[in-house]
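*Asks:* Dropping a structure here in structure tokens format, bear with me for questions.
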Amino acid sequence: MNLTVNGVSHEIESDLLTPLLDVLREELGITGPKAGCHQGGCGACTVLVDGEPRRSCLVPIAYVDGGEITTVEGLGTPEELSPVQQAFVHHYAAQCGYCTSGMMLAAQAYVAGGGTHDTEAIQEALGGHVCRCTGYSKIVEAVAAAARGDEFDLTETAVGKYTTMTTGGAE
Amino acid sequence: MKVVGARIPRYDGVAHVTGRTTYVDDVRIPGTLWAKALRSPHHHAGITKLDTRPAEEMPGVHAVITWEDVPHLVYGHLEALGIPADEPLLAKDEVRYKGQPIALVAAENEELAVEAVSRIEIEFEERPALLDVRKAFDEDAPEIHKEGNWYRHFENEMDRRQIRKGDIAKAFEQADTIVQGVYRPAAIEHAPLETQVCQVVPEANGRLTIYSCTQALYFSMGVIAAHLQVPLNKLKVVGGTTGGGFGGKVDTATETMCCLLAMKSGKPVKWRWTREEEFLCSSTRAPWHMEIADAVTKDGWILGRKMLTLHDAGAYSRFSPYGLTKHSFHHTGAYTIPNLEFDGYVVYTNRVPTTAMRGFGVTSVSFATETHMSRVADVLGVDPIEIRLKNANRIGDTSPNGIVYTDPSTVSTIQTIAEAIGHELPADYRTMTSEPRSGEWLPEHLVAQTANPEDH
């Protein structure tokens with residue numbers, strides 16, 4: 001079997017019925033998708049399969065043979081964040097971060113599909129994703145901002161090329 | 001105030017949105033074994049047979065541990081604070097809650113580990129379970145611990161956390177009305193997105209490297225060292241990245257058992273709980289049973305409070321005596337009540353042991369006291385905001401445990417809330433401050449309890 005993950009082609013050796021999540025994490029070492037429940041309930045393992053958001057823990061690998069997979073690692077880099085990633089940073093939409101990669105791929109699919117900043121539509125699109133830290137408001141704000149095409153000055157919110165850490169003591 | 005109100009960078013924000021944050025489950029160590037636990041299927045039972053040989057004999061199984069492998073089996077999370085140990089790392093002859101770990105295996109993959117656990121031969125003698133905290137004191141209640149169904153080691157070996165202040169009998173004599181209420185907040189599972197997970201690597205130099213999702217790294221280090229009976233310099237605990245905890249990762253739930261498997265097998269070991277285990281076997285916020293009776297005057301002064309608290313600790317004490325102590329100190333809420341009779345018990349049941357969760361001990365009593373304040377206002381037909389301001393902590397007031405308040409913020413907080421919700425207050429409540437009581441805000445029943453803050 002073959003998978004293209006974030007633009008890179010891989011021959012897959014796992015058994016036919018192995019969940020896509022386990023292939024990504026255990027065979028390919030791509031750890032962005034998280035095993036939050038392994039039963040399709042939390043959304044932390046969400047990846048894009050040919051552009052559509054899917055719970056990778058519920059997808060047998062044989063079902064997506066030859067498919068194009070995008071994980072959080074394929075959205076953008078710390079140096080060149082994608083618009084959805086920028087929106088999540090700017091709006092502080094990640095706390096512990098464990099649900100974030102799945103949230104962002106659902107958001108990416110929503111925005112790419114022409115989704116608007118309408119709160120109810122965003123809630124519907126992200127409805128199956130559990131976050132225990134944020135209370136969801138900031139996540140919805142971030143997705144709305146990305147849907148509007150807001151541009152962000154990340155010098156105030158992002159570490160890295162944008163700025164250096166000035167508050168100290170956090171790490 | 002450089003930071004409050006300012007936009008500041010999150011040190012881990014970019015790593016989170018790019019998938020670069022390395023959680024414990026993301027640490028890659030070649031040759032790592034998977035751990036799985038044999039857990040009690042019963043709330044309460046004796047263990048009459050335990051034979052792990054069928055699991056040990058399976059190809060691909062590298063270690064099986066039971067209580068016999070633990071150098072120091074029974075250790076208390078707060079033993080250093082004088083709270084006696086009562087919980088074995090692995091159950092020996094009795095299980096006291098459903099999901100209690102009895103044995104663990106480490107095998108070459110997860111499926112093999114599951115299969116090996118299923119081959120362990122175990123037999124139980126089921127016993128009656130105690131699941132209702134109110135029945136713990138009954139003569140015919142199931143016995144959970146030999147010393148009884150509640151914790152007995154508060155100062156001077158008292159079996160309860162007790163507070164006596166002022167003259168409670170007089171307060172109830174003088175009251176116009178007694179207002180009673182019972183409050184029973186339920187257990188809450190923390191349900192972090194990252195389930196309990198740990199990886200341990202036995203290093204060539206004899207040390208153990210422990211990748212832990214703990215919220216309390218140095219605390220866990222002490223617990224592990226005590227169980228293993230090794231000095232701290234044999235343990236390198238790597239933490240700092242937690243996929244949600246909320247208090248549920250303060251207990252040392254996985255690390256010690258992974259260490260034992262790594263030591264026995266000589267190989268790296270990983271244990272990641274399933275979501276089902278997280279819900280059924282991980283510690284929760286405690287359920288509480290609270291009974292309050294307030295002696296009140298018809299114009300809204302609270303003269304006295306009697307309170308009984310039953311803190312459902314689950315099967316073992318862990319942090320519960322500490323949680324109940326905080327609870328007792330806060331049992332008047334943000335209000336000053338001069339005459340008190342409080343009795344609180346840490347009660348054992350056959351439920352999962354309970355633990356920290358965001359202000360544990362205090363959240364339960366805050367729920368009860370605030371609900372009760374509104375109930376008192378309702379019974380008396382007085383304004384619920386005014387009754388709170390009237391009884392609010394002021395400079396020079398004393399807490400249930402005798403602390404003199406020197407800078408309480410209750411008055412301004414309640415005034416701010418009233419304004420935010422558009423609740424009109426009479427002028428004397430609107431202009432009230434936290435300054436020491438005088439005039440109409442210093443009725444006779446509060447004179448004796450009021451201290452001079454300059455002395456404190």
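We label chains A, B, ... in the order they appear in the structure tokens, count residues from 1 in each chain, and number ligands from 1 in the order shown.
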Using only C-alpha atoms, which protein or nucleic acid residues come within 8 Å of His72 (chain B)? Drop anything in the same chain fewer than 4 positions from it, and give the result as a list in words.

*Replies:*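 What passes the distance filter is Ala226, His227, Leu228 and Gln229 of chain B.
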
*Asks:* Pull C-alpha atoms from the residues just selected and write them as a PDB file, in the first residue's frame.

*Replies:*
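In the end it all went to part-v2.pdb:
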```
ATOM      1  CA  ALA B 226       9.820   5.677  48.082  1.00  0.00           C
ATOM      2  CA  HIS B 227       8.121   2.713  46.388  1.00  0.00           C
ATOM      3  CA  LEU B 228      11.322   1.601  44.661  1.00  0.00           C
ATOM      4  CA  GLN B 229      13.515   2.351  47.702  1.00  0.00           C
TER       5      GLN B 229
END
```

*Asks:* Residues of chain B within 8 Å of chain A: nearest atom pair and distance (Å, one decimal) for each, counting only C-alpha atoms, sorted by chain and number, as a Markdown table?

*Replies:*
```
| residue | atom | partner | partner_atom | distance |
| --- | --- | --- | --- | --- |
| B:Val3 | CA | A:Thr167 | CA | 7.8 |
| B:Arg7 | CA | A:Glu156 | CA | 6.0 |
| B:Ile8 | CA | A:Thr157 | CA | 5.3 |
| B:Pro9 | CA | A:Thr157 | CA | 3.8 |
| B:Arg10 | CA | A:Thr157 | CA | 6.4 |
| B:Tyr11 | CA | A:Val159 | CA | 6.2 |
| B:Asp12 | CA | A:Val159 | CA | 7.9 |
| B:Gly13 | CA | A:Val89 | CA | 5.9 |
| B:Val14 | CA | A:Pro78 | CA | 6.2 |
| B:Ala15 | CA | A:Pro78 | CA | 7.3 |
| B:His16 | CA | A:Gly97 | CA | 5.3 |
| B:Val17 | CA | A:Gln85 | CA | 5.6 |
| B:Thr18 | CA | A:Glu73 | CA | 5.7 |
| B:Gly19 | CA | A:Gly32 | CA | 4.7 |
| B:Arg20 | CA | A:Gly32 | CA | 7.4 |
| B:Asp26 | CA | A:Thr31 | CA | 5.8 |
| B:Arg28 | CA | A:Gly29 | CA | 7.8 |
| B:Ala191 | CA | A:Arg132 | CA | 7.4 |
| B:Pro192 | CA | A:Arg132 | CA | 6.2 |
| B:Leu193 | CA | A:Gly36 | CA | 5.2 |
| B:Glu194 | CA | A:Gly36 | CA | 5.6 |
| B:Thr195 | CA | A:Gly36 | CA | 6.8 |
| B:Thr242 | CA | A:Cys96 | CA | 6.6 |
| B:Gly243 | CA | A:Tyr98 | CA | 5.2 |
| B:Gly244 | CA | A:Cys96 | CA | 5.6 |
| B:Thr274 | CA | A:Cys37 | CA | 6.7 |
| B:Arg275 | CA | A:Cys37 | CA | 4.9 |
```

*Asks:* So which residues touch Glu143 (chain B) within 9 Å, counting only C-alpha atoms, skipping near sequence neighbours fewer than 5 positions away, as a PDB file with C-alpha atoms, in the first residue's frame?

*Replies:*
```
ATOM      1  CA  PRO B 128     -20.468  -6.267  49.584  1.00  0.00           C
ATOM      2  CA  ALA B 129     -19.596  -2.831  48.268  1.00  0.00           C
ATOM      3  CA  LEU B 130     -20.126   0.497  49.997  1.00  0.00           C
ATOM      4  CA  ALA B 136     -20.509   4.278  55.885  1.00  0.00           C
ATOM      5  CA  GLY B 148     -12.932   1.648  59.911  1.00  0.00           C
ATOM      6  CA  ASN B 149     -14.752   3.428  57.144  1.00  0.00           C
TER       7      ASN B 149
END
```

*Asks:* Run DSSP on the backbone of this structure and report the residues of region 272-351 of chain B it assigns to alpha helix (DSSP H), as a list in words.

*Replies:*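 For region 272-351 of chain B, the alpha helix (DSSP H) set is Arg275, Glu276, Glu277, Glu278, Phe279, Leu280, Cys281, Ser320, Pro321, Tyr322, Gly323, Leu324, Thr325, Lys326, His327, Ser328 and Phe329 of chain B.
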
*Asks:* Can I get the selected residues back with C-alpha atoms, as a PDB file, in the first residue's frame?

*Replies:*
```pdb
ATOM      1  CA  ARG B 275     -10.067   6.271  27.249  1.00  0.00           C
ATOM      2  CA  GLU B 276     -12.110   3.595  29.005  1.00  0.00           C
ATOM      3  CA  GLU B 277      -9.443   3.222  31.697  1.00  0.00           C
ATOM      4  CA  GLU B 278      -9.254   6.991  32.069  1.00  0.00           C
ATOM      5  CA  PHE B 279     -12.989   7.152  32.784  1.00  0.00           C
ATOM      6  CA  LEU B 280     -13.315   4.018  34.904  1.00  0.00           C
ATOM      7  CA  CYS B 281     -10.044   3.822  36.820  1.00  0.00           C
ATOM      8  CA  SER B 320      -8.452  13.855  50.858  1.00  0.00           C
ATOM      9  CA  PRO B 321      -7.495  14.830  54.435  1.00  0.00           C
ATOM     10  CA  TYR B 322      -5.778  17.887  52.975  1.00  0.00           C
ATOM     11  CA  GLY B 323      -8.803  18.652  50.779  1.00  0.00           C
ATOM     12  CA  LEU B 324     -11.167  18.392  53.748  1.00  0.00           C
ATOM     13  CA  THR B 325      -8.939  20.701  55.805  1.00  0.00           C
ATOM     14  CA  LYS B 326      -9.118  23.400  53.119  1.00  0.00           C
ATOM     15  CA  HIS B 327     -12.854  22.756  52.925  1.00  0.00           C
ATOM     16  CA  SER B 328     -13.290  23.324  56.659  1.00  0.00           C
ATOM     17  CA  PHE B 329     -11.360  26.615  56.596  1.00  0.00           C
TER      18      PHE B 329
END
```

*Asks:* In Å, rounded to a single decimal, give me how far CA of Leu38 (chain B) is from CA of Ala55 (chain B).

*Replies:* 11.1 Å

*Asks:* With only C-alpha atoms as the basis for distance, which of B:Thr349, B:Thr431, B:Asn339, B:Ser265 is at the shortest distance from Pro400 (chain B)?

*Replies:* B:Asn339

*Asks:* Among the residues of region 22-187 of chain B, find those DSSP assigns to strand (DSSP E) from the backbone and print them as a PyMOL selection string.

*Replies:* chain B and resi 33-39+45-51+61-65+94-95+101-107+121-126+161-165+177-183

*Asks:* Could you list, as JSON, numbers by chain, every residue within 7 Å of region 106-112 of chain A, counting only C-alpha atoms and ignoring same-chain residues fewer than 5 positions away?

*Replies:* {"A": [51, 52, 53, 84, 125, 126, 143, 147]}

*Asks:* Could you dump the residues just selected with N, CA and C atoms as a PDB file, in the first residue's frame?

*Replies:*
```
ATOM      1  N   GLY A  51      -8.352  15.884   1.324  1.00  0.00           N
ATOM      2  CA  GLY A  51      -8.957  17.181   1.624  1.00  0.00           C
ATOM      3  C   GLY A  51     -10.117  17.155   2.597  1.00  0.00           C
ATOM      4  N   GLU A  52     -10.618  15.962   2.916  1.00  0.00           N
ATOM      5  CA  GLU A  52     -11.776  15.857   3.817  1.00  0.00           C
ATOM      6  C   GLU A  52     -11.309  15.465   5.223  1.00  0.00           C
ATOM      7  N   PRO A  53     -11.862  16.105   6.264  1.00  0.00           N
ATOM      8  CA  PRO A  53     -11.461  15.723   7.627  1.00  0.00           C
ATOM      9  C   PRO A  53     -11.980  14.330   7.996  1.00  0.00           C
ATOM     10  N   VAL A  84      -4.675  29.433   9.091  1.00  0.00           N
ATOM     11  CA  VAL A  84      -5.390  28.862  10.239  1.00  0.00           C
ATOM     12  C   VAL A  84      -4.460  28.793  11.456  1.00  0.00           C
ATOM     13  N   ALA A 125     -19.235  22.692  12.277  1.00  0.00           N
ATOM     14  CA  ALA A 125     -18.071  22.086  11.608  1.00  0.00           C
ATOM     15  C   ALA A 125     -17.104  21.468  12.613  1.00  0.00           C
ATOM     16  N   LEU A 126     -17.000  22.067  13.802  1.00  0.00           N
ATOM     17  CA  LEU A 126     -16.058  21.564  14.812  1.00  0.00           C
ATOM     18  C   LEU A 126     -16.775  20.773  15.911  1.00  0.00           C
ATOM     19  N   VAL A 143     -11.225  30.418  14.238  1.00  0.00           N
ATOM     20  CA  VAL A 143     -11.720  29.896  12.956  1.00  0.00           C
ATOM     21  C   VAL A 143     -12.474  31.001  12.209  1.00  0.00           C
ATOM     22  N   ALA A 147     -11.614  32.400   8.584  1.00  0.00           N
ATOM     23  CA  ALA A 147     -12.639  32.404   7.539  1.00  0.00           C
ATOM     24  C   ALA A 147     -12.824  33.795   6.918  1.00  0.00           C
TER      25      ALA A 147
END
```

*Asks:* Identify, on the basis of only C-alpha atoms, every residue whose closest approach to region 107-115 of chain B does not exceed 6 Å; exclude the query and any residue fewer than 6 positions from it along the same chain; express the result as a PyMOL selection string.

*Replies:* chain B and resi 33-34+36+60-62

*Asks:* Please produce a file of the residues just selected, as a PDB file, in the first residue's frame, where the atoms kept are C-alpha atoms.

*Replies:*
```
ATOM      1  CA  LEU B  33       7.464  -2.573  25.264  1.00  0.00           C
ATOM      2  CA  TRP B  34       3.763  -1.893  25.836  1.00  0.00           C
ATOM      3  CA  LYS B  36      -1.187  -3.299  30.195  1.00  0.00           C
ATOM      4  CA  GLY B  60       6.915 -11.704  23.468  1.00  0.00           C
ATOM      5  CA  VAL B  61       6.105 -11.063  27.121  1.00  0.00           C
ATOM      6  CA  HIS B  62       9.156  -9.614  28.888  1.00  0.00           C
TER       7      HIS B  62
END
```

*Asks:* Which value, in Å to one decimal, gives the distance between CA of Thr410 (chain B) and CA of Ala293 (chain B)?

*Replies:*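 If I compute the distance from CA of Thr410 (chain B) to CA of Ala293 (chain B), I get 22.6 Å.
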
*Asks:* Mind checking which residues fall within 8 Å of Pro202 (chain B), counting only C-alpha atoms, ignoring those fewer than 2 positions away in the same chain, and posting them as a PyMOL selection string?

*Replies:* chain B and resi 200+204+206-209+262-263+266-268

*Asks:* State, in Å with one decimal place, the distance from CA of Val49 (chain A) to CA of Gly67 (chain A).

*Replies:*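 Separation between CA of Val49 (chain A) and CA of Gly67 (chain A): 6.6 Å.
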